[in-house]
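K.L.:
I'd like to ask some things about the structure below.
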Amino acid sequence: MEFAELIKTPRVDNVVLHRPFYPAVEGTLCLTGHHLILSSRQDNTEELWLLHSNIDAIDKRFVGPLGTIIIKCKDFRIIQLDIPGMEECLNIASSIEALSTLDSITLMYPFFYRPLFEVIEDGWHSFLPEQEFELYSSATSEWRLSYVNKEFGVCPSYPPIVIVPKSIDDEALRKVATFRHGGRFPVLSYYHKKNGMVIMRSGQPLTGTNGRRCKEDEKLINATLRAGKRGYIIDTRSLNVAQQARAKGGGFEQEAHYPQWRRIHKSIERYHILQDSLIKLVEACNDQTHNMDRWLSKLESSNWLTHIKEILTTACLAAQCIDREGASILIHGTEGTDSTLQVTSLAQIILEPRSRTIRGFEALIEREWLQAGHPFQQRCAQSAYCNSKQKWESPVFLLFLDCVWQILRQFPCSFEFNENFLIMLFEHAYASQFGTFLGNNESERCKLKLQQKTMSLWSWVNRPSELSKFTNPLFEANNLVIWPSVAPQSLQLWEGIFLRWNRSSKYLDEAYEEMVNIIEYNKKLQAKVNILRRQLAELETEDGVQESP
C-alpha cells in the first residue's frame, strides 16, 4: 500500500493552529505518511510535528466555509486546526483517520525512521538475559539459564532465554508449561542478595474443576525453598475471580499439593475497568468548569488512585515477604502479563537500589515488561479519547509508571532519574520513532526483525546529551530498602501527566531550574571546602615538621 493513496489533500495553506500555552499560529499544513506538520512563515515560531500514531481521535466542526478539526492525542494533548474550505477539511480529517489507524506494524514510523544522531550504543544489546544472569551468578549457584524456549515453541510470550532452578531440567519445564496458562511456567524474576530469597512469576495453573495437578510444577516451585522454609503465592485476583477461573479450565494452587506455600489473594483490576478509569480521569482533568466538590467527586469516581493503592499495597506485601519474612514468593494472576508484572517490577524498585538508577530501571523495563511479554501493541493501541469499542486496550504500563512516580515523590533523593524520564517512557509506549515498544512479545519482535530494521529507544536515551535531561539533581545513592506509604493521604494525582496540557508548568520549571543552580553552587562550594581542608592539613603537617627538633 502506498501512503499517497490515503492522503487526499497533502497540503493546505492558511491553516490556524491552536494548542495549549502557545499563541495561535497561521501556516501551511502538510500531511506525510507518518506526520502531520504545521509550518509557519513567522520567524521564531516553533513548528508542529505530530506523529499520526499519537492521534487517538478526531472531531470535526463546520461554521460556514470554515472547518475545524479537533485532534485528541494519546499523550492527552488536544490540538485544534482551523482549515479554510469544507472539502479540504473533510479530506484532511479522513486522511488523518486512515493514517492514524494503520493495521500493519511494518508501515509504522519506526521502520522508516533514520536517526540523525551518532549511535554510540546499540540499545538492542544493552540488557541481554545473559548479562542480567551474571549479576546473580556471583551470589548463587542454584539457578541456570534455560534455552528451552529458543524457538518460542514452549511459551509464545516468553523470551528465548529464561532463568530457572538448576535442579529442574528442560524436559520438566516442557511439562510444567502445559500446566500453566499460555505456557508461562514459573521463572525467576528477582534474586534478593541480602538473604537469597526470590520472586518468581508465572501464569495461573490449569487445575480446572477436576483439581488437576502437575508433579513437575510442584517440584519446580519447591526447588526455590530453603529447608524448613515456607513460601507465599500472591494471586493478583480476588478468591472469587480465581474460583470462577477454575470453571474455565484455569484455577489456583491447591493447599494439599503445595503444603509449604501459603496463598494470598490481592485483587488488582485489569482490562476495560482500568481503561474506563483512565477515560473518566482524563475527562475530569479536562473539564475546567466544575467546582471543588464536582472535581473531587469525579476524581474519586474515576477510581484511578484506588487502582494505584491496590497495586502499591500488593508490591509492598511482596517486598515484605522477601525482606522481612525471609520467604520466597510466586506471583501470578490469570495470564501473568499485566498485574503480575506491575507487582514484580514495583517490588524490585522497593527492594533493589539498582532498579532506582537510570540503567537499572531500563533493565527492569526490558526484563520485566518487554521480555516478560507485556502486550504493548494491544494495551497501548488506544488511549483516553478513542471512541471505537475497546478490545485489549488497558493503561497497565501507565499505572506502573504512576506508581513509580508516587514512590519517587516520597523518596526524592533515592532515584537517579526524574519525572521527565517517566513521562518520556509513557509517550514512547504509545507513539514512538523507535521500535522498542512495538509488538506484544519477543516472538513477534523477532518475526518483525526489529533489531535489524528499527532503532532502540535506549540508543537515544543513553546518550550523555539526553541523559542530562532525565537525571535527578537530588540523587544520592541509597542502598537501603525503601518502604512507600500507601495511605490514601500519601497518594496524589500525577499532575505532570494528567494536568500538563491544562495548566502551565512555567513557574514549576523556573523553581526546578533554581534548585538545580543551588545544587551546582553547593557542589562548587563543597569542592572549595575540600581544597581548603587539604591545604590546611598540609600546612599543619609542615608546621609539625619544622617544630620537631
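Ordered as shown in the C-alpha cells, chains take letters A, B, and onward, while each chain numbers its residues from 1 and ligands are numbered from 1 in the order shown.
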Residues near Gly228 of chain A, anyone? I mean within 12 Å using only C-alpha atoms, not counting same-chain ones fewer than 6 positions away, as a ChimeraX atom specification.

P.N.:
/A:222,259-261,326-327

K.L.:
Go through segment 318-376 of chain A residue by residue and, counting only C-alpha atoms, keep those with an atom at most 8 Å from segment 411-430 of chain A; for each kept residue give the shortest atom pair and its distance in Å to one decimal, ordered by chain and increasing number, as CSV.

P.N.:
residue,atom,partner,partner_atom,distance
A:Arg356,CA,A:Phe415,CA,4.9
A:Thr357,CA,A:Glu416,CA,4.7
A:Ile358,CA,A:Phe417,CA,5.6
A:Phe376,CA,A:Ala429,CA,7.2

K.L.:
Which residues, written as a PDB file with N, CA and C atoms, in the first residue's frame, have at least one atom at most 10 Å from Gln320 of chain A, with only C-alpha atoms counted and residues fewer than 4 positions away on the same chain left out?

P.N.:
ATOM      1  N   THR A 314       0.044  -4.348  47.078  1.00  0.00           N
ATOM      2  CA  THR A 314       0.459  -5.718  46.739  1.00  0.00           C
ATOM      3  C   THR A 314       1.972  -5.788  46.556  1.00  0.00           C
ATOM      4  N   ALA A 315       2.557  -4.756  45.939  1.00  0.00           N
ATOM      5  CA  ALA A 315       4.017  -4.726  45.757  1.00  0.00           C
ATOM      6  C   ALA A 315       4.727  -4.652  47.106  1.00  0.00           C
ATOM      7  N   CYS A 316       4.177  -3.854  48.038  1.00  0.00           N
ATOM      8  CA  CYS A 316       4.769  -3.752  49.391  1.00  0.00           C
ATOM      9  C   CYS A 316       4.671  -5.085  50.123  1.00  0.00           C
ATOM     10  N   ARG A 324      11.427  -8.977  55.025  1.00  0.00           N
ATOM     11  CA  ARG A 324      11.143  -9.063  56.465  1.00  0.00           C
ATOM     12  C   ARG A 324      10.782 -10.470  56.921  1.00  0.00           C
ATOM     13  N   GLU A 325      10.050 -11.208  56.076  1.00  0.00           N
ATOM     14  CA  GLU A 325       9.669 -12.583  56.437  1.00  0.00           C
ATOM     15  C   GLU A 325      10.765 -13.581  56.054  1.00  0.00           C
ATOM     16  N   GLY A 326      11.630 -13.186  55.133  1.00  0.00           N
ATOM     17  CA  GLY A 326      12.655 -14.121  54.652  1.00  0.00           C
ATOM     18  C   GLY A 326      12.025 -15.290  53.925  1.00  0.00           C
ATOM     19  N   ALA A 327      11.010 -14.994  53.077  1.00  0.00           N
ATOM     20  CA  ALA A 327      10.290 -16.051  52.351  1.00  0.00           C
ATOM     21  C   ALA A 327      10.289 -15.748  50.859  1.00  0.00           C
ATOM     22  N   ALA A 347       7.996  -4.272  43.289  1.00  0.00           N
ATOM     23  CA  ALA A 347       8.671  -4.898  44.436  1.00  0.00           C
ATOM     24  C   ALA A 347      10.189  -4.737  44.300  1.00  0.00           C
ATOM     25  N   ILE A 350      11.306  -1.258  45.246  1.00  0.00           N
ATOM     26  CA  ILE A 350      11.332  -1.117  46.708  1.00  0.00           C
ATOM     27  C   ILE A 350      12.590  -1.787  47.286  1.00  0.00           C
ATOM     28  N   LEU A 351      12.923  -2.973  46.774  1.00  0.00           N
ATOM     29  CA  LEU A 351      13.983  -3.795  47.364  1.00  0.00           C
ATOM     30  C   LEU A 351      15.384  -3.517  46.829  1.00  0.00           C
ATOM     31  N   TRP A 483      10.423   1.906  51.884  1.00  0.00           N
ATOM     32  CA  TRP A 483       9.039   1.472  52.123  1.00  0.00           C
ATOM     33  C   TRP A 483       8.084   2.636  51.887  1.00  0.00           C
TER      34      TRP A 483
END

K.L.:
Smallest atom-to-atom distance to Ala284 of chain A: which of A:Lys219, A:Ile199, A:Leu536, A:Leu493, using only C-alpha atoms?

P.N.:
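Checking each candidate against Ala284 of chain A, we get A:Leu493 as the closest.
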
K.L.:
Would you return as a count of residues only the members of segment 50-218 of chain A that DSSP assigns to strand (DSSP E or B) on this structure's backbone?

P.N.:
47

K.L.:
With distances taken over only C-alpha atoms, which of A:Ala363, A:Ala511, A:Leu448, A:Cys214 is nearest to Gly123 of chain A?

P.N.:
A:Ala363

K.L.:
As a PyMOL selection string, please: every residue in segment 260-456 of chain A that DSSP puts in alpha helix (DSSP H).

P.N.:
chain A and resi 272-286+292-302+304-323+339-351+358-365+376-379+396-410+419-430+442-448+450-453

K.L.:
Would you work out the distance separating atom CA of Pro353 of chain A from atom CA of Gln410 of chain A, expressed in Å to one decimal?

P.N.:
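Computing it gives 15.2 Å between the two atoms.
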
K.L.:
Considering only C-alpha atoms, state which residue in the set A:Arg41, A:His272, A:Lys8, A:Arg19 is at the smallest distance from Trp392 of chain A.

P.N.:
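Among the listed residues, the smallest separation from Trp392 of chain A belongs to A:His272.
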
K.L.:
Kindly indicate which residue among A:Leu48, A:Leu220, A:Leu438, A:Leu225 lies nearest to Met197 of chain A, using only C-alpha atoms for the distances.

P.N.:
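That would be A:Leu225, the residue with the smallest distance to Met197 of chain A.
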
K.L.:
For Gly203 of chain A, please output as a PyMOL selection string all residues within 9 Å (counting only C-alpha atoms; exclusion window: fewer than 5 positions along the same chain).

P.N.:
chain A and resi 180-186+331-337+340

K.L.:
Using N, CA and C atoms, can you export the residues from the last selection as an mmCIF file, in the first residue's frame?

P.N.:
data_model
loop_
_atom_site.group_PDB
_atom_site.id
_atom_site.type_symbol
_atom_site.label_atom_id
_atom_site.label_comp_id
_atom_site.auth_asym_id
_atom_site.auth_seq_id
_atom_site.Cartn_x
_atom_site.Cartn_y
_atom_site.Cartn_z
ATOM 1 N N ARG A 180 0.458 -24.569 32.826
ATOM 2 C CA ARG A 180 0.335 -23.149 33.157
ATOM 3 C C ARG A 180 -0.264 -22.382 31.974
ATOM 4 N N HIS A 181 -1.073 -21.378 32.283
ATOM 5 C CA HIS A 181 -1.770 -20.569 31.285
ATOM 6 C C HIS A 181 -0.776 -19.976 30.286
ATOM 7 N N GLY A 182 -1.043 -20.205 28.990
ATOM 8 C CA GLY A 182 -0.190 -19.660 27.940
ATOM 9 C C GLY A 182 1.195 -20.251 27.922
ATOM 10 N N GLY A 183 1.392 -21.369 28.631
ATOM 11 C CA GLY A 183 2.720 -21.984 28.697
ATOM 12 C C GLY A 183 3.687 -21.236 29.598
ATOM 13 N N ARG A 184 3.158 -20.287 30.394
ATOM 14 C CA ARG A 184 4.035 -19.435 31.214
ATOM 15 C C ARG A 184 4.390 -20.143 32.533
ATOM 16 N N PHE A 185 5.395 -21.019 32.453
ATOM 17 C CA PHE A 185 5.863 -21.762 33.625
ATOM 18 C C PHE A 185 6.615 -20.804 34.556
ATOM 19 N N PRO A 186 6.728 -21.129 35.855
ATOM 20 C CA PRO A 186 7.409 -20.227 36.801
ATOM 21 C C PRO A 186 8.878 -19.989 36.427
ATOM 22 N N ILE A 331 4.353 -15.050 42.055
ATOM 23 C CA ILE A 331 3.269 -14.104 41.761
ATOM 24 C C ILE A 331 2.634 -14.472 40.417
ATOM 25 N N HIS A 332 1.306 -14.512 40.399
ATOM 26 C CA HIS A 332 0.587 -14.675 39.128
ATOM 27 C C HIS A 332 -0.850 -14.190 39.273
ATOM 28 N N GLY A 333 -1.438 -13.868 38.130
ATOM 29 C CA GLY A 333 -2.871 -13.578 38.078
ATOM 30 C C GLY A 333 -3.474 -14.629 37.175
ATOM 31 N N THR A 334 -4.031 -14.198 36.048
ATOM 32 C CA THR A 334 -4.545 -15.159 35.064
ATOM 33 C C THR A 334 -3.446 -15.450 34.036
ATOM 34 N N GLU A 335 -3.173 -14.474 33.157
ATOM 35 C CA GLU A 335 -2.146 -14.682 32.127
ATOM 36 C C GLU A 335 -0.719 -14.488 32.662
ATOM 37 N N GLY A 336 -0.572 -13.575 33.621
ATOM 38 C CA GLY A 336 0.775 -13.276 34.113
ATOM 39 C C GLY A 336 1.495 -12.242 33.272
ATOM 40 N N THR A 337 0.735 -11.438 32.492
ATOM 41 C CA THR A 337 1.370 -10.451 31.612
ATOM 42 C C THR A 337 0.991 -9.006 31.967
ATOM 43 N N THR A 340 0.626 -9.014 37.235
ATOM 44 C CA THR A 340 1.802 -9.749 37.735
ATOM 45 C C THR A 340 3.067 -8.922 37.552
#

K.L.:
Would you give me, as CSV, each residue of segment 156-186 of chain A having an atom within 6 Å of an atom of segment 138-150 of chain A, along with its shortest atom pair and that distance in Å to one decimal, using only C-alpha atoms and sorting by chain and residue number?

P.N.:
residue,atom,partner,partner_atom,distance
A:Pro160,CA,A:Lys150,CA,4.0
A:Ile161,CA,A:Tyr147,CA,4.9
A:Val162,CA,A:Ser146,CA,5.4
A:Ile163,CA,A:Leu145,CA,4.7
A:Val164,CA,A:Trp143,CA,5.6
A:Pro165,CA,A:Trp143,CA,4.4
A:Lys166,CA,A:Trp143,CA,4.6
A:Asp170,CA,A:Val148,CA,5.9
